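Taking it in order: structure first as structure tokens, then the write-up.
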Amino acid sequence: MKIKLLFVITFFISLNIKAQEFKSPVEYLSYIGKEQENISKSMWKYTSAVAHSKSARRIDNTRKLLVKSIQTANKKVSALKDGYKGDVDYRNQVIEFLNISEKNINEEYDKIINMQEVAEESYDLMEAYIMTRDLVNKKIDAEYEKVSLAQKTFATKYNINLTEDVSELGKKMKISGEVFDYHTQLYLIFFKTNITDLFLSQAIEKKDLGAIQQNSSALIQYADEGLEKLKTIKPYDGDNTMVLTTKKALEYYKKQAQQFAPKVVDFLMFNEKFETAKKSLESKSDKDRTKEEIENYNGMVKQINKEIDNYNKINNTNLQEKNTIINNWNSTGDIFISAHVPQG
């Protein structure tokens with residue numbers, strides 16, 4: 001189950017510039033603004049691919065196009081050696097931003113992908129992965145704040161009036177960020193129980209009674225904590241599907257810990273008792289075996305066959321329910337993202 005990776009760059013605004021008497025500085029701002037607009041279009045294609053495509057190749061191709069658009073813009077802006085009549089402050093700040101953006105979207109992306117590959121091994125690793133991903137976004141946003149300030153300083157210096165009007169593309173980017181943040185919030189709640197359930201399953205496979213009881217207790221605790229958190233999460237734009245499917249998943253995991261795990265423990269304990277009786281009987285010669293031991297063992301053989309049959313039935317039923325729960329959560333998440341992240 002992979003978290004959607006999104007680099008949100010929230011700097012794309014449309015500028016209505018009212019200063020015809022200052023034609024040269026306006027043209028200078030417009031030139032750089034056009035390069036930023038090209039990047040914003042590439043950024044949106046990448047965001048849209050992440051949201052609406054299941055093709056890793058397509059997503060990575062759009063990321064490479066985004067990096068290429070940043071490199072192209074950097075080359076053009078860097079070519080403005082003298083800036084505007086020797087004033088290079090705004091130009092230099094834009095170049096700094098483009099350099100940092102390219103580094104983070106290109107190099108840091110690979111690090112995040114590597115973290116993503118192991119993130120599902122534990123809740124701590126998943127949380128670290130998400131925090132690192134978000135840190136990249138914050139770094140880029142922080143650098144653009146410097147660009148925005150430099151732009152305003154330049155405009156003030158040359159008496160240019162800037163009126164900020166969030167563009168349609170900017171609105172799409174903002175909405176996308178909100179959608180992914182909402183999805184991530186629900187995912188972490190779900191994942192904490194999901195990974196604990198995995199540990200429980202591993203303990204069952206190893207027949208480790210102590211680990212089974214430990215993970216069962218943790219699963220109940222995390223499910224209860226998650227259910228409490230869900231009470232504070234409002235529907236996104238009237239859509240409550242993510243909350244409901246997460247609630248259903250947590251209720252299943254709690255039931256698994258409270259009802260299924262104890263039955264597993266009972267079965268394993270009886271099986272252990274049977275194996276002990278079997279070894280004891282087999283270690284003795286026929287003449288040393290008492291009638292009581294033989295009758296007790298034969299009774300246990302009948303009982304173990306019933307226990308195995310019952311265990312297989314409840315295990316298969318539980319596995320089917322678990323697969324349904326996980327598949328429903330994944331599909332609901334995909335539908336939610338696809339429905340709320342604006343199209344092309």
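Order determines the names: the first chain of the structure tokens is A, the second B, and so forth; residues in each chain are numbered 1 upward, and ligands are numbered 1 upward as they are shown.
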
Quick one: pick out all alpha helix (DSSP H) residues within region 196-240 of chain A from a backbone DSSP run and write them as an MDAnalysis selection string.
-> chainID A and resid 196:206 209:230

Could you write out that same residue set with N, CA and C atoms as an mmCIF file, in the first residue's frame?
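Full text of result34.cif as output:
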```cif
data_model
loop_
_atom_site.group_PDB
_atom_site.id
_atom_site.type_symbol
_atom_site.label_atom_id
_atom_site.label_comp_id
_atom_site.auth_asym_id
_atom_site.auth_seq_id
_atom_site.Cartn_x
_atom_site.Cartn_y
_atom_site.Cartn_z
ATOM 1 N N THR A 196 0.170 -3.562 13.154
ATOM 2 C CA THR A 196 0.098 -4.349 14.386
ATOM 3 C C THR A 196 -0.573 -5.685 14.121
ATOM 4 N N ASP A 197 -1.573 -5.680 13.242
ATOM 5 C CA ASP A 197 -2.229 -6.927 12.837
ATOM 6 C C ASP A 197 -1.244 -7.833 12.112
ATOM 7 N N LEU A 198 -0.352 -7.240 11.324
ATOM 8 C CA LEU A 198 0.673 -8.037 10.638
ATOM 9 C C LEU A 198 1.580 -8.718 11.657
ATOM 10 N N PHE A 199 1.983 -7.954 12.684
ATOM 11 C CA PHE A 199 2.824 -8.530 13.734
ATOM 12 C C PHE A 199 2.081 -9.650 14.467
ATOM 13 N N LEU A 200 0.792 -9.474 14.656
ATOM 14 C CA LEU A 200 -0.028 -10.502 15.298
ATOM 15 C C LEU A 200 -0.055 -11.770 14.445
ATOM 16 N N SER A 201 -0.220 -11.593 13.150
ATOM 17 C CA SER A 201 -0.240 -12.736 12.233
ATOM 18 C C SER A 201 1.098 -13.476 12.246
ATOM 19 N N GLN A 202 2.193 -12.722 12.318
ATOM 20 C CA GLN A 202 3.521 -13.335 12.368
ATOM 21 C C GLN A 202 3.707 -14.119 13.662
ATOM 22 N N ALA A 203 3.181 -13.580 14.761
ATOM 23 C CA ALA A 203 3.267 -14.271 16.054
ATOM 24 C C ALA A 203 2.462 -15.569 16.018
ATOM 25 N N ILE A 204 1.297 -15.526 15.355
ATOM 26 C CA ILE A 204 0.465 -16.727 15.224
ATOM 27 C C ILE A 204 1.187 -17.781 14.395
ATOM 28 N N GLU A 205 1.823 -17.330 13.328
ATOM 29 C CA GLU A 205 2.558 -18.263 12.463
ATOM 30 C C GLU A 205 3.695 -18.944 13.220
ATOM 31 N N LYS A 206 4.326 -18.180 14.126
ATOM 32 C CA LYS A 206 5.437 -18.729 14.924
ATOM 33 C C LYS A 206 4.944 -19.482 16.159
ATOM 34 N N LEU A 209 2.910 -17.643 21.878
ATOM 35 C CA LEU A 209 1.744 -17.234 22.668
ATOM 36 C C LEU A 209 1.933 -15.875 23.321
ATOM 37 N N GLY A 210 3.136 -15.613 23.813
ATOM 38 C CA GLY A 210 3.405 -14.320 24.456
ATOM 39 C C GLY A 210 3.259 -13.161 23.483
ATOM 40 N N ALA A 211 3.812 -13.318 22.281
ATOM 41 C CA ALA A 211 3.731 -12.274 21.258
ATOM 42 C C ALA A 211 2.300 -12.101 20.766
ATOM 43 N N ILE A 212 1.550 -13.210 20.715
ATOM 44 C CA ILE A 212 0.146 -13.126 20.295
ATOM 45 C C ILE A 212 -0.638 -12.263 21.280
ATOM 46 N N GLN A 213 -0.466 -12.524 22.555
ATOM 47 C CA GLN A 213 -1.187 -11.765 23.582
ATOM 48 C C GLN A 213 -0.738 -10.304 23.612
ATOM 49 N N GLN A 214 0.570 -10.088 23.435
ATOM 50 C CA GLN A 214 1.110 -8.723 23.438
ATOM 51 C C GLN A 214 0.554 -7.906 22.271
ATOM 52 N N ASN A 215 0.580 -8.478 21.072
ATOM 53 C CA ASN A 215 0.091 -7.761 19.890
ATOM 54 C C ASN A 215 -1.427 -7.620 19.891
ATOM 55 N N SER A 216 -2.121 -8.576 20.485
ATOM 56 C CA SER A 216 -3.574 -8.463 20.608
ATOM 57 C C SER A 216 -3.949 -7.274 21.473
ATOM 58 N N SER A 217 -3.238 -7.131 22.603
ATOM 59 C CA SER A 217 -3.494 -6.002 23.506
ATOM 60 C C SER A 217 -3.193 -4.675 22.810
ATOM 61 N N ALA A 218 -2.065 -4.638 22.074
ATOM 62 C CA ALA A 218 -1.689 -3.413 21.356
ATOM 63 C C ALA A 218 -2.715 -3.089 20.276
ATOM 64 N N LEU A 219 -3.214 -4.124 19.616
ATOM 65 C CA LEU A 219 -4.187 -3.923 18.543
ATOM 66 C C LEU A 219 -5.481 -3.320 19.080
ATOM 67 N N ILE A 220 -5.932 -3.808 20.220
ATOM 68 C CA ILE A 220 -7.135 -3.245 20.850
ATOM 69 C C ILE A 220 -6.901 -1.789 21.237
ATOM 70 N N GLN A 221 -5.731 -1.520 21.808
ATOM 71 C CA GLN A 221 -5.393 -0.152 22.223
ATOM 72 C C GLN A 221 -5.366 0.803 21.038
ATOM 73 N N TYR A 222 -4.674 0.416 19.956
ATOM 74 C CA TYR A 222 -4.551 1.295 18.790
ATOM 75 C C TYR A 222 -5.898 1.474 18.075
ATOM 76 N N ALA A 223 -6.699 0.418 18.069
ATOM 77 C CA ALA A 223 -8.030 0.520 17.452
ATOM 78 C C ALA A 223 -8.893 1.507 18.227
ATOM 79 N N ASP A 224 -8.861 1.412 19.558
ATOM 80 C CA ASP A 224 -9.635 2.338 20.396
ATOM 81 C C ASP A 224 -9.154 3.776 20.221
ATOM 82 N N GLU A 225 -7.833 3.954 20.190
ATOM 83 C CA GLU A 225 -7.268 5.296 19.990
ATOM 84 C C GLU A 225 -7.691 5.857 18.637
ATOM 85 N N GLY A 226 -7.645 5.021 17.622
ATOM 86 C CA GLY A 226 -8.024 5.450 16.277
ATOM 87 C C GLY A 226 -9.489 5.817 16.190
ATOM 88 N N LEU A 227 -10.331 5.023 16.825
ATOM 89 C CA LEU A 227 -11.772 5.298 16.798
ATOM 90 C C LEU A 227 -12.086 6.628 17.480
ATOM 91 N N GLU A 228 -11.349 6.952 18.519
ATOM 92 C CA GLU A 228 -11.525 8.249 19.189
ATOM 93 C C GLU A 228 -11.098 9.393 18.275
ATOM 94 N N LYS A 229 -9.982 9.217 17.568
ATOM 95 C CA LYS A 229 -9.504 10.252 16.642
ATOM 96 C C LYS A 229 -10.504 10.488 15.515
ATOM 97 N N LEU A 230 -11.119 9.415 15.046
ATOM 98 C CA LEU A 230 -12.075 9.534 13.939
ATOM 99 C C LEU A 230 -13.254 10.419 14.308
#
```

I need the strand (DSSP E or B) residues of region 43-284 of chain A per DSSP on the backbone, written as a PDB file with C-alpha atoms, in the first residue's frame.
```pdb
ATOM      1  CA  TYR A  84      17.188  44.698 -14.406  1.00  0.00           C
ATOM      2  CA  ASP A  87      19.555  45.022  -9.992  1.00  0.00           C
ATOM      3  CA  ASN A 161       1.430  47.754  -8.148  1.00  0.00           C
ATOM      4  CA  LEU A 162       0.911  44.022  -7.855  1.00  0.00           C
ATOM      5  CA  THR A 163      -2.536  42.610  -7.314  1.00  0.00           C
ATOM      6  CA  GLU A 164      -2.530  38.950  -6.381  1.00  0.00           C
ATOM      7  CA  ASP A 165      -5.308  36.854  -7.828  1.00  0.00           C
ATOM      8  CA  TYR A 236     -13.934  16.298   3.383  1.00  0.00           C
ATOM      9  CA  ASP A 239     -17.424  13.167   1.645  1.00  0.00           C
TER      10      ASP A 239
END
```

List the neighbours of Phe97 (chain A) out to 7 Å using only C-alpha atoms; skip same-chain residues closer than 4 positions along the sequence, and give me the result as a PyMOL selection string.
-> chain A and resi 93+101+143-144

With C-alpha atoms retained, could you export that selection as a compact mmCIF listing (two decimals), in the first residue's frame?
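Okay, selection_23.txt is ready:
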```
# COMPACT_ATOMS: atom_id res chain seq x y z
CA GLN A 93 16.50 34.75 -5.28
CA SER A 101 13.53 22.97 -5.95
CA GLU A 143 12.24 29.14 -0.30
CA TYR A 144 9.41 30.50 -2.35
```

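Atom pair CA of Lys287 (chain A) / CA of Phe270 (chain A) has a distance of 27.0 Å (rounded to one decimal).
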
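For the set A:Leu188, A:Met269, A:Ile308, A:Ile195, the residue with the smallest atom-to-atom gap to Glu120 (chain A) is A:Ile195, counting only C-alpha atoms.
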
Using only C-alpha atoms, which residues sit within 8 Å of region 319-325 of chain A once same-chain residues fewer than 3 positions away are excluded, as a VMD selection string?
-> chain A and resid 248 to 249 252 315 to 316 328 to 329

Write to file, as a compact mmCIF listing (two decimals), in the first residue's frame, the residues of the selection just made, with N, CA and C atoms.
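To be explicit, this is the file written out as part_12.txt:
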```txt
# COMPACT_ATOMS: atom_id res chain seq x y z
N LYS A 248 -14.61 1.19 9.90
CA LYS A 248 -14.94 -0.23 9.71
C LYS A 248 -13.69 -1.10 9.86
N ALA A 249 -12.56 -0.60 9.36
CA ALA A 249 -11.30 -1.35 9.47
C ALA A 249 -10.87 -1.47 10.94
N TYR A 252 -12.94 -3.95 12.75
CA TYR A 252 -12.55 -5.32 12.40
C TYR A 252 -11.31 -5.73 13.19
N ASN A 315 -10.18 -19.46 10.60
CA ASN A 315 -9.02 -18.78 10.02
C ASN A 315 -9.32 -18.33 8.61
N ASN A 316 -9.97 -19.18 7.81
CA ASN A 316 -10.33 -18.81 6.44
C ASN A 316 -11.34 -17.68 6.41
N ASN A 328 -11.04 -2.80 0.52
CA ASN A 328 -12.00 -1.70 0.58
C ASN A 328 -11.33 -0.39 0.97
N TRP A 329 -10.40 -0.47 1.92
CA TRP A 329 -9.72 0.76 2.35
C TRP A 329 -8.90 1.32 1.19
```

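Between Ile105 (chain A) and the candidates A:Lys64, A:Lys81, A:Arg91, A:His340, the tightest atom-to-atom separation, counting only C-alpha atoms, involves A:Lys64.
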
Leaving out Met131 (chain A) and any residue of its chain fewer than 3 positions from it, which residues lie within 12 Å of it when counting only C-alpha atoms, given as a ChimeraX atom specification?
-> /A:5,112,115-116,119,124-128,134-138,181,184-185,188

Work out how far CA of Ile95 (chain A) is from CA of Phe180 (chain A), in Å to one decimal.
-> 28.5 Å

Atom-to-atom span, CA of Lys146 (chain A) and CA of Ile130 (chain A), Å |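 Distance reported for this atom pair: 24.9 Å.
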
Of the residues A:Ile32, A:Leu244, A:Met43, A:Val118, which is the one nearest to Ser78 (chain A), using only C-alpha atoms?
->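 When distances to Ser78 (chain A) are compared using only C-alpha atoms, the smallest one comes from A:Ile32.
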